[in-house]
$ cat work_9.txt   # compact mmCIF, C-alpha atoms and all ligand atoms
# COMPACT_ATOMS: atom_id res chain seq x y z
CA MET A 862 113.28 18.28 114.05
CA LEU A 863 114.00 21.51 115.86
CA THR A 864 116.93 23.36 114.30
CA VAL A 865 118.65 26.23 116.06
CA HIS A 866 120.27 28.59 113.55
CA HIS A 867 123.14 30.07 115.51
CA LEU A 868 124.94 33.16 114.29
CA GLY A 869 128.45 33.17 115.78
CA ILE A 870 128.88 35.47 118.79
CA SER A 871 125.22 36.40 119.03
CA GLN A 872 122.08 36.19 121.11
CA SER A 873 121.26 32.85 119.54
CA ASP A 874 123.71 31.27 122.00
CA ARG A 875 120.81 31.57 124.46
CA ILE A 876 118.73 29.17 122.41
CA VAL A 877 121.53 26.60 122.20
CA TRP A 878 121.86 26.87 125.98
CA LEU A 879 118.09 26.60 126.51
CA CYS A 880 117.95 23.37 124.50
CA GLU A 881 120.87 21.96 126.50
CA GLU A 882 119.20 22.88 129.83
CA LEU A 883 115.98 21.22 128.69
CA ALA A 884 117.98 18.29 127.27
CA ILE A 885 115.82 18.24 124.15
CA PRO A 886 117.01 16.96 120.77
CA PHE A 887 117.93 19.67 118.27
CA GLU A 888 120.16 20.29 115.30
CA LEU A 889 122.62 23.14 115.32
CA ALA A 890 123.18 25.11 112.11
CA ARG A 891 126.07 27.50 112.58
CA TYR A 892 126.77 30.67 110.57
CA ASP A 893 129.73 33.03 110.80
CA ARG A 894 129.33 36.79 110.80
CA ASP A 895 130.48 38.78 107.78
CA PRO A 896 134.16 39.48 108.59
CA VAL A 897 133.93 43.13 107.45
CA THR A 898 130.52 44.35 108.60
CA ARG A 899 130.26 41.85 111.50
CA LEU A 900 126.57 41.53 110.58
CA ALA A 901 124.74 38.32 109.69
CA PRO A 902 125.68 36.82 106.30
CA SER A 903 123.07 36.83 103.52
CA ALA A 904 122.31 33.12 104.10
CA TYR A 905 121.29 33.98 107.66
CA LYS A 906 119.33 37.09 106.64
CA ALA A 907 117.37 34.96 104.18
CA LEU A 908 116.04 32.73 106.97
CA HIS A 909 113.48 35.22 108.31
CA PRO A 910 112.33 38.76 107.37
CA SER A 911 113.82 40.11 110.63
CA GLY A 912 117.30 39.24 109.35
CA THR A 913 118.44 38.81 112.95
CA ALA A 914 119.64 35.99 115.20
CA PRO A 915 118.23 33.89 116.74
CA VAL A 916 116.10 31.97 114.26
CA ILE A 917 114.75 28.45 114.71
CA THR A 918 113.05 26.15 112.28
CA ASP A 919 110.76 23.35 113.42
CA GLY A 920 108.98 21.47 110.64
CA ALA A 921 107.18 24.10 108.56
CA LEU A 922 107.75 26.80 111.19
CA THR A 923 110.44 29.47 110.97
CA LEU A 924 110.55 31.71 114.03
CA ALA A 925 112.71 34.67 115.04
CA GLU A 926 112.96 36.89 118.15
CA SER A 927 114.59 35.48 121.30
CA GLY A 928 111.58 35.80 123.59
CA ALA A 929 109.17 34.29 121.09
CA ILE A 930 111.55 31.40 120.43
CA ILE A 931 112.09 30.73 124.14
CA ASP A 932 108.34 30.84 124.84
CA TYR A 933 107.72 28.51 121.89
CA ILE A 934 110.35 25.94 122.90
CA VAL A 935 109.39 26.00 126.57
CA ALA A 936 105.67 25.68 125.81
CA ARG A 937 106.15 22.97 123.23
CA TYR A 938 109.03 20.93 124.62
CA GLY A 939 109.63 22.24 128.13
CA ASP A 940 106.92 20.52 130.17
CA GLY A 941 106.63 23.63 132.33
CA ARG A 942 110.34 23.64 133.15
CA LEU A 943 112.38 26.86 133.52
CA THR A 944 109.29 29.06 133.92
CA LEU A 945 107.07 29.94 136.88
CA LYS A 946 103.28 29.72 136.90
CA ALA A 947 100.92 32.56 137.81
CA ASP A 948 100.29 31.15 141.30
CA HIS A 949 104.02 31.02 142.15
CA PRO A 950 105.02 33.73 144.68
CA ASP A 951 107.86 34.85 142.39
CA PHE A 952 105.76 34.93 139.21
CA ALA A 953 105.81 38.72 138.77
CA ARG A 954 109.54 38.95 139.50
CA PHE A 955 110.22 36.18 136.99
CA LEU A 956 108.17 38.03 134.36
CA TYR A 957 109.94 41.29 135.08
CA TRP A 958 113.48 39.97 134.64
CA TYR A 959 112.50 37.79 131.71
CA HIS A 960 111.16 40.76 129.76
CA PHE A 961 113.75 43.21 131.15
CA ALA A 962 116.61 41.35 129.43
CA ASN A 963 115.51 42.20 125.89
CA GLY A 964 113.01 44.97 126.58
CA SER A 965 115.42 47.24 128.49
CA LEU A 966 118.90 45.81 129.04
CA MET A 967 119.75 44.80 125.47
CA PRO A 968 118.72 48.13 123.83
CA CYS A 969 121.02 49.96 126.29
CA MET A 970 123.88 47.55 125.63
CA MET A 971 123.46 47.92 121.87
CA MET A 972 123.71 51.69 122.15
CA LEU A 973 127.06 51.16 123.91
CA MET A 974 128.49 48.93 121.16
CA ASP A 975 131.97 49.80 119.97
CA GLY A 976 132.55 51.17 116.48
CA GLY A 977 129.46 53.34 116.05
CA GLY A 978 127.24 52.75 113.05
CA MET A 979 124.34 51.78 115.28
CA ALA A 980 122.04 54.43 113.77
CA ALA A 981 122.45 52.93 110.28
CA ILE A 982 121.83 49.41 111.60
CA MET A 983 118.69 50.56 113.41
CA GLN A 984 117.47 52.43 110.33
CA ASP A 985 117.80 49.22 108.34
CA ARG A 986 116.00 47.24 111.05
CA ALA A 987 113.17 49.78 111.23
CA GLY A 988 112.66 49.40 107.48
CA ARG A 989 112.67 45.60 107.74
CA SER A 990 110.24 45.73 110.66
CA LEU A 991 107.74 47.96 108.86
CA ALA A 992 108.04 45.83 105.71
CA ALA A 993 107.41 42.67 107.77
CA LEU A 994 104.31 44.22 109.36
CA GLU A 995 103.07 45.36 105.95
CA ALA A 996 103.63 41.85 104.50
CA HIS A 997 101.74 40.29 107.43
CA PHE A 998 98.67 42.47 106.87
CA ALA A 999 98.92 42.20 103.08
CA GLU A 1000 98.34 38.46 103.61
CA GLY A 1001 94.87 39.39 104.85
CA HIS A 1002 95.30 39.03 108.62
CA GLN A 1003 93.06 41.21 110.79
CA TRP A 1004 95.39 41.31 113.79
CA LEU A 1005 98.97 40.31 114.56
CA ALA A 1006 98.10 36.83 115.81
CA GLY A 1007 95.76 36.34 112.85
CA GLU A 1008 92.02 36.43 113.52
CA ASP A 1009 92.24 37.12 117.27
CA PHE A 1010 93.02 40.51 118.80
CA THR A 1011 95.71 39.93 121.46
CA VAL A 1012 98.24 41.67 123.68
CA ALA A 1013 100.62 41.50 120.68
CA ASP A 1014 98.47 44.28 119.15
CA ILE A 1015 98.48 46.26 122.38
CA MET A 1016 102.29 46.05 122.57
CA THR A 1017 102.78 47.08 118.95
CA MET A 1018 100.55 50.15 118.81
CA PHE A 1019 102.82 52.42 120.86
CA PRO A 1020 105.85 52.32 118.51
CA LEU A 1021 103.58 52.91 115.53
CA THR A 1022 101.40 55.70 116.97
CA THR A 1023 102.25 57.50 120.22
CA MET A 1024 105.96 57.18 119.50
CA ARG A 1025 105.35 59.52 116.57
CA ALA A 1026 105.18 62.36 119.08
CA PHE A 1027 108.98 61.86 119.18
CA ILE A 1028 109.92 60.61 115.71
CA THR A 1029 108.93 61.25 112.11
CA LEU A 1030 107.55 58.11 110.57
CA ASP A 1031 106.20 58.06 107.03
CA LEU A 1032 103.83 55.13 106.73
CA SER A 1033 102.58 56.05 103.26
CA PRO A 1034 104.47 53.11 101.63
CA TYR A 1035 102.60 50.69 103.93
CA PRO A 1036 98.87 50.77 103.04
CA ASN A 1037 97.97 47.50 104.77
CA LEU A 1038 99.72 48.52 107.96
CA ARG A 1039 97.86 51.86 107.91
CA ALA A 1040 94.56 50.02 107.43
CA TYR A 1041 95.43 47.93 110.51
CA LEU A 1042 96.09 51.05 112.58
CA ARG A 1043 92.70 52.42 111.52
CA ARG A 1044 91.13 49.10 112.56
CA VAL A 1045 92.71 49.40 115.98
CA ALA A 1046 91.63 53.03 116.23
CA GLU A 1047 88.01 51.93 115.77
CA ARG A 1048 88.08 49.76 118.90
CA PRO A 1049 86.00 51.37 121.65
CA ALA A 1050 88.47 50.37 124.39
CA PHE A 1051 91.33 51.95 122.40
CA GLN A 1052 89.38 55.20 122.04
CA ILE A 1053 88.47 55.30 125.74
CA ALA A 1054 92.07 54.51 126.70
CA ARG A 1055 93.42 57.32 124.48
CA ALA A 1056 90.95 59.79 125.97
CA LYS A 1057 92.01 58.78 129.48
CA ALA A 1058 95.76 58.43 128.88
CA ASP A 1059 96.59 61.49 126.74
CA PRO A 1060 93.43 63.46 126.00
CA ASP A 1061 95.34 66.41 124.50
CA LEU A 1062 97.76 64.42 122.34
CA GLN A 1063 97.11 64.29 118.62
CA VAL A 1064 99.07 61.42 117.08
CA PRO A 1065 98.56 60.07 113.59
CA LEU A 1066 96.53 56.88 113.66
CA ASP A 1067 97.23 55.74 110.13
N1 LIG B 1 115.32 41.43 119.64
C1 LIG B 1 115.99 40.52 118.73
C2 LIG B 1 117.35 41.09 118.46
C3 LIG B 1 118.19 40.19 117.62
C4 LIG B 1 119.55 40.79 117.28
O1 LIG B 1 119.80 41.99 117.39
N2 LIG B 1 120.48 39.90 116.87
C5 LIG B 1 121.79 40.27 116.47
C6 LIG B 1 122.80 39.31 117.05
S1 LIG B 1 123.06 39.49 118.77
C7 LIG B 1 121.97 40.15 114.97
O2 LIG B 1 121.27 39.39 114.34
N3 LIG B 1 122.97 40.86 114.43
C8 LIG B 1 123.37 40.69 113.08
C9 LIG B 1 122.71 41.59 112.08
O3 LIG B 1 121.94 42.49 112.47
O4 LIG B 1 122.97 41.41 110.89
C10 LIG B 1 116.06 39.13 119.34
O5 LIG B 1 116.21 39.02 120.55
O6 LIG B 1 115.92 38.14 118.63

$ encode --input "work_9.txt" --output "structure tokens"
Amino acid sequence: MLTVHHLGISQSDRIVWLCEELAIPFELARYDRDPVTRLAPSAYKALHPSGTAPVITDGALTLAESGAIIDYIVARYGDGRLTLKADHPDFARFLYWYHFANGSLMPCMMMLMDGGGMAAIMQDRAGRSLAALEAHFAEGHQWLAGEDFTVADIMTMFPLTTMRAFITLDLSPYPNLRAYLRRVAERPAFQIARAKADPDLQVPLD
């Protein structure tokens, strides 16, 4: 059974809504925020290494990240509903707004949140994110999807490499993640792309 773990007043309300729009059966597990920090309680943080809402469970699967959850539910239970196919005239516009919501709009909104403290929250999330990547590769996976190189790898390289032209990132505590970056750096297409995109930029690749 699909279970939507909803953290009160959070982005997981999207997933509850999605399930209602699709009229699919699901269980709702509801958690309240910590009254002092207004963050997720430890029971919620224990669900997934991201420590963030939304999270779903479906049989043996535990999945976080709004977009991944929506894509999973729509692909598995949606019968093509609520998405547009590549031959639809509005396909590109659909993709743009779908990714814009979390890729661009939400980061801006989070920066505007009342009460400050966002830097500390983001610091904590960065640590969790790097630890989750390290744990993934410590399990022996070659790439993010597992054995297949995918666009997930292409999306993830920028924050771990080129972004370091703007931030200091010490990856020494993450040996498996660094080995992954070296694996990516060995790909001929990656090397050609770097030479074309920023031939003069020296960014650490491990
Ligand atoms: N990009 C993530 C962001 C998730 C996120 O920031 N969730 C917030 C709720 S809106 C959260 O879990 N806050 C509580 C916390 O960080 O402890 C997603 O869309 O799933």

$ residues_near_ligand --input "work_9.txt" --ligand "ligand LIG 1 (chain B)" --cutoff "8 Å" --atoms "all atoms listed in the file" --output "number ranges by chain"
A: 868, 870-873, 894, 899-902, 906, 912-916, 925-928, 963, 982, 986

$ residues_around --input "work_9.txt" --residues "A:Leu1038" --least-positions-apart "5" --cutoff "9 Å" --atoms "all atoms listed in the file" --output "JSON, numbers by chain"
{"A": [991, 994, 995, 996, 997, 998, 999, 1032, 1043, 1067]}

$ closest_residue --input "work_9.txt" --among "A:Gly869, A:Gly1007, A:Gly977, A:Gly939" --to "A:Leu889" --atoms "only C-alpha atoms"
A:Gly869

$ atom_distance --input "work_9.txt" --atom1 "atom CA of A:Leu1042" --atom2 "atom CA of A:Lys1057"
19.0 Å

$ closest_residue --input "work_9.txt" --among "A:Tyr938, A:Arg1055, A:Arg1044, A:Pro1034" --to "A:His1002" --atoms "all atoms listed in the file"
A:Arg1044

$ closest_residue --input "work_9.txt" --among "A:Thr864, A:Thr923, A:Ser990, A:Thr918" --to "A:Pro886" --atoms "all atoms listed in the file"
A:Thr864

$ residues_around --input "work_9.txt" --residues "stretch 945-948 of chain A" --least-positions-apart "4" --cutoff "12 Å" --atoms "all atoms listed in the file" --output "list in words"
Val935, Ala936, Gly939, Asp940, Gly941, Phe952, Ala953, Arg954, Phe955, Leu956, Tyr957 and Tyr959 of chain A

$ residues_near_point --input "work_9.txt" --point "(101.8, 54.9, 116.6)" --cutoff "9 Å" --atoms "all atoms listed in the file" --output "list in words"
Thr1017, Met1018, Phe1019, Pro1020, Leu1021, Thr1022, Thr1023, Met1024, Arg1025, Ala1026, Leu1030, Leu1042, Val1064, Pro1065, Leu1066 and Asp1067 of chain A

$ closest_residue --input "work_9.txt" --among "A:Leu1005, A:Ala929, A:Leu924, A:Met862" --to "A:Ser911" --atoms "only C-alpha atoms"
A:Leu924

$ atom_distance --input "work_9.txt" --atom1 "atom CA of A:Met979" --atom2 "atom CA of A:Trp878"
27.2 Å

$ decode --input "work_9.txt" --residues "stretch 920-965 of chain A" --atoms "N, CA and C atoms" --output "PDB file, in the first residue's frame"
ATOM      1  N   GLY A 920       5.415  -0.548  -0.299  1.00  0.00           N
ATOM      2  CA  GLY A 920       6.073  -1.845  -0.140  1.00  0.00           C
ATOM      3  C   GLY A 920       7.449  -1.626   0.460  1.00  0.00           C
ATOM      4  N   ALA A 921       8.477  -2.169  -0.210  1.00  0.00           N
ATOM      5  CA  ALA A 921       9.845  -2.061   0.313  1.00  0.00           C
ATOM      6  C   ALA A 921      10.477  -0.702   0.003  1.00  0.00           C
ATOM      7  N   LEU A 922       9.796   0.096  -0.815  1.00  0.00           N
ATOM      8  CA  LEU A 922      10.389   1.369  -1.268  1.00  0.00           C
ATOM      9  C   LEU A 922      10.129   2.501  -0.285  1.00  0.00           C
ATOM     10  N   THR A 923      11.179   3.271   0.002  1.00  0.00           N
ATOM     11  CA  THR A 923      11.026   4.552   0.692  1.00  0.00           C
ATOM     12  C   THR A 923      11.627   5.603  -0.217  1.00  0.00           C
ATOM     13  N   LEU A 924      10.833   6.630  -0.546  1.00  0.00           N
ATOM     14  CA  LEU A 924      11.291   7.617  -1.528  1.00  0.00           C
ATOM     15  C   LEU A 924      11.032   9.025  -1.014  1.00  0.00           C
ATOM     16  N   ALA A 925      12.027   9.896  -1.201  1.00  0.00           N
ATOM     17  CA  ALA A 925      11.888  11.312  -0.844  1.00  0.00           C
ATOM     18  C   ALA A 925      12.032  12.151  -2.110  1.00  0.00           C
ATOM     19  N   GLU A 926      11.870  13.456  -1.959  1.00  0.00           N
ATOM     20  CA  GLU A 926      12.040  14.472  -3.016  1.00  0.00           C
ATOM     21  C   GLU A 926      10.764  14.565  -3.850  1.00  0.00           C
ATOM     22  N   SER A 927      10.105  15.740  -3.749  1.00  0.00           N
ATOM     23  CA  SER A 927       8.787  15.936  -4.378  1.00  0.00           C
ATOM     24  C   SER A 927       8.725  15.456  -5.824  1.00  0.00           C
ATOM     25  N   GLY A 928       9.677  15.928  -6.640  1.00  0.00           N
ATOM     26  CA  GLY A 928       9.615  15.604  -8.071  1.00  0.00           C
ATOM     27  C   GLY A 928       9.755  14.113  -8.319  1.00  0.00           C
ATOM     28  N   ALA A 929      10.655  13.470  -7.586  1.00  0.00           N
ATOM     29  CA  ALA A 929      10.860  12.030  -7.755  1.00  0.00           C
ATOM     30  C   ALA A 929       9.598  11.280  -7.337  1.00  0.00           C
ATOM     31  N   ILE A 930       8.983  11.728  -6.248  1.00  0.00           N
ATOM     32  CA  ILE A 930       7.769  11.062  -5.757  1.00  0.00           C
ATOM     33  C   ILE A 930       6.630  11.237  -6.764  1.00  0.00           C
ATOM     34  N   ILE A 931       6.484  12.447  -7.277  1.00  0.00           N
ATOM     35  CA  ILE A 931       5.402  12.698  -8.241  1.00  0.00           C
ATOM     36  C   ILE A 931       5.629  11.861  -9.501  1.00  0.00           C
ATOM     37  N   ASP A 932       6.858  11.851 -10.004  1.00  0.00           N
ATOM     38  CA  ASP A 932       7.147  11.050 -11.204  1.00  0.00           C
ATOM     39  C   ASP A 932       6.868   9.572 -10.929  1.00  0.00           C
ATOM     40  N   TYR A 933       7.246   9.107  -9.745  1.00  0.00           N
ATOM     41  CA  TYR A 933       7.033   7.694  -9.399  1.00  0.00           C
ATOM     42  C   TYR A 933       5.535   7.369  -9.360  1.00  0.00           C
ATOM     43  N   ILE A 934       4.765   8.183  -8.662  1.00  0.00           N
ATOM     44  CA  ILE A 934       3.332   7.885  -8.509  1.00  0.00           C
ATOM     45  C   ILE A 934       2.617   7.970  -9.858  1.00  0.00           C
ATOM     46  N   VAL A 935       2.961   9.002 -10.630  1.00  0.00           N
ATOM     47  CA  VAL A 935       2.301   9.175 -11.921  1.00  0.00           C
ATOM     48  C   VAL A 935       2.654   8.018 -12.864  1.00  0.00           C
ATOM     49  N   ALA A 936       3.936   7.629 -12.864  1.00  0.00           N
ATOM     50  CA  ALA A 936       4.353   6.537 -13.761  1.00  0.00           C
ATOM     51  C   ALA A 936       3.740   5.214 -13.327  1.00  0.00           C
ATOM     52  N   ARG A 937       3.658   5.015 -12.021  1.00  0.00           N
ATOM     53  CA  ARG A 937       3.222   3.711 -11.532  1.00  0.00           C
ATOM     54  C   ARG A 937       1.705   3.580 -11.421  1.00  0.00           C
ATOM     55  N   TYR A 938       1.062   4.664 -11.029  1.00  0.00           N
ATOM     56  CA  TYR A 938      -0.380   4.579 -10.756  1.00  0.00           C
ATOM     57  C   TYR A 938      -1.207   5.569 -11.580  1.00  0.00           C
ATOM     58  N   GLY A 939      -0.543   6.384 -12.395  1.00  0.00           N
ATOM     59  CA  GLY A 939      -1.260   7.504 -13.016  1.00  0.00           C
ATOM     60  C   GLY A 939      -1.858   7.225 -14.372  1.00  0.00           C
ATOM     61  N   ASP A 940      -1.438   6.136 -15.023  1.00  0.00           N
ATOM     62  CA  ASP A 940      -1.974   5.829 -16.355  1.00  0.00           C
ATOM     63  C   ASP A 940      -1.818   6.997 -17.313  1.00  0.00           C
ATOM     64  N   GLY A 941      -0.718   7.722 -17.214  1.00  0.00           N
ATOM     65  CA  GLY A 941      -0.475   8.837 -18.133  1.00  0.00           C
ATOM     66  C   GLY A 941      -1.228  10.108 -17.788  1.00  0.00           C
ATOM     67  N   ARG A 942      -2.009  10.066 -16.691  1.00  0.00           N
ATOM     68  CA  ARG A 942      -2.771  11.280 -16.346  1.00  0.00           C
ATOM     69  C   ARG A 942      -1.884  12.349 -15.715  1.00  0.00           C
ATOM     70  N   LEU A 943      -2.279  13.582 -15.865  1.00  0.00           N
ATOM     71  CA  LEU A 943      -1.643  14.769 -15.257  1.00  0.00           C
ATOM     72  C   LEU A 943      -0.242  15.060 -15.800  1.00  0.00           C
ATOM     73  N   THR A 944       0.148  14.424 -16.871  1.00  0.00           N
ATOM     74  CA  THR A 944       1.418  14.758 -17.530  1.00  0.00           C
ATOM     75  C   THR A 944       1.142  14.882 -19.030  1.00  0.00           C
ATOM     76  N   LEU A 945       2.077  15.475 -19.753  1.00  0.00           N
ATOM     77  CA  LEU A 945       1.959  15.571 -21.210  1.00  0.00           C
ATOM     78  C   LEU A 945       3.069  14.749 -21.849  1.00  0.00           C
ATOM     79  N   LYS A 946       2.771  14.157 -22.981  1.00  0.00           N
ATOM     80  CA  LYS A 946       3.772  13.340 -23.679  1.00  0.00           C
ATOM     81  C   LYS A 946       4.617  14.212 -24.604  1.00  0.00           C
ATOM     82  N   ALA A 947       5.739  13.646 -25.063  1.00  0.00           N
ATOM     83  CA  ALA A 947       6.708  14.415 -25.861  1.00  0.00           C
ATOM     84  C   ALA A 947       6.109  14.947 -27.157  1.00  0.00           C
ATOM     85  N   ASP A 948       5.072  14.303 -27.681  1.00  0.00           N
ATOM     86  CA  ASP A 948       4.498  14.797 -28.946  1.00  0.00           C
ATOM     87  C   ASP A 948       3.377  15.828 -28.722  1.00  0.00           C
ATOM     88  N   HIS A 949       3.094  16.153 -27.466  1.00  0.00           N
ATOM     89  CA  HIS A 949       2.074  17.178 -27.178  1.00  0.00           C
ATOM     90  C   HIS A 949       2.660  18.564 -27.470  1.00  0.00           C
ATOM     91  N   PRO A 950       1.884  19.462 -28.083  1.00  0.00           N
ATOM     92  CA  PRO A 950       2.441  20.794 -28.410  1.00  0.00           C
ATOM     93  C   PRO A 950       2.918  21.575 -27.174  1.00  0.00           C
ATOM     94  N   ASP A 951       2.361  21.277 -26.011  1.00  0.00           N
ATOM     95  CA  ASP A 951       2.758  22.006 -24.799  1.00  0.00           C
ATOM     96  C   ASP A 951       3.764  21.238 -23.948  1.00  0.00           C
ATOM     97  N   PHE A 952       4.377  20.213 -24.526  1.00  0.00           N
ATOM     98  CA  PHE A 952       5.294  19.366 -23.748  1.00  0.00           C
ATOM     99  C   PHE A 952       6.409  20.175 -23.088  1.00  0.00           C
ATOM    100  N   ALA A 953       7.092  21.022 -23.869  1.00  0.00           N
ATOM    101  CA  ALA A 953       8.237  21.766 -23.313  1.00  0.00           C
ATOM    102  C   ALA A 953       7.778  22.739 -22.232  1.00  0.00           C
ATOM    103  N   ARG A 954       6.618  23.381 -22.452  1.00  0.00           N
ATOM    104  CA  ARG A 954       6.127  24.320 -21.442  1.00  0.00           C
ATOM    105  C   ARG A 954       5.759  23.589 -20.152  1.00  0.00           C
ATOM    106  N   PHE A 955       5.143  22.436 -20.312  1.00  0.00           N
ATOM    107  CA  PHE A 955       4.824  21.603 -19.137  1.00  0.00           C
ATOM    108  C   PHE A 955       6.109  21.266 -18.371  1.00  0.00           C
ATOM    109  N   LEU A 956       7.131  20.811 -19.107  1.00  0.00           N
ATOM    110  CA  LEU A 956       8.392  20.454 -18.434  1.00  0.00           C
ATOM    111  C   LEU A 956       8.977  21.653 -17.710  1.00  0.00           C
ATOM    112  N   TYR A 957       8.949  22.799 -18.372  1.00  0.00           N
ATOM    113  CA  TYR A 957       9.545  23.997 -17.778  1.00  0.00           C
ATOM    114  C   TYR A 957       8.884  24.322 -16.436  1.00  0.00           C
ATOM    115  N   TRP A 958       7.575  24.435 -16.418  1.00  0.00           N
ATOM    116  CA  TRP A 958       6.906  24.835 -15.175  1.00  0.00           C
ATOM    117  C   TRP A 958       6.979  23.741 -14.118  1.00  0.00           C
ATOM    118  N   TYR A 959       6.977  22.511 -14.573  1.00  0.00           N
ATOM    119  CA  TYR A 959       7.085  21.388 -13.620  1.00  0.00           C
ATOM    120  C   TYR A 959       8.417  21.459 -12.876  1.00  0.00           C
ATOM    121  N   HIS A 960       9.486  21.679 -13.594  1.00  0.00           N
ATOM    122  CA  HIS A 960      10.811  21.735 -12.948  1.00  0.00           C
ATOM    123  C   HIS A 960      11.082  23.087 -12.299  1.00  0.00           C
ATOM    124  N   PHE A 961      10.452  24.143 -12.836  1.00  0.00           N
ATOM    125  CA  PHE A 961      10.640  25.492 -12.287  1.00  0.00           C
ATOM    126  C   PHE A 961      10.189  25.558 -10.819  1.00  0.00           C
ATOM    127  N   ALA A 962       9.103  24.855 -10.502  1.00  0.00           N
ATOM    128  CA  ALA A 962       8.520  24.971  -9.162  1.00  0.00           C
ATOM    129  C   ALA A 962       9.551  24.669  -8.079  1.00  0.00           C
ATOM    130  N   ASN A 963      10.263  23.570  -8.193  1.00  0.00           N
ATOM    131  CA  ASN A 963      11.249  23.228  -7.165  1.00  0.00           C
ATOM    132  C   ASN A 963      12.662  23.658  -7.536  1.00  0.00           C
ATOM    133  N   GLY A 964      12.935  23.725  -8.847  1.00  0.00           N
ATOM    134  CA  GLY A 964      14.295  24.078  -9.263  1.00  0.00           C
ATOM    135  C   GLY A 964      14.602  25.545  -9.020  1.00  0.00           C
ATOM    136  N   SER A 965      13.602  26.421  -9.222  1.00  0.00           N
ATOM    137  CA  SER A 965      13.867  27.867  -9.109  1.00  0.00           C
ATOM    138  C   SER A 965      12.970  28.573  -8.095  1.00  0.00           C
TER     139      SER A 965
END
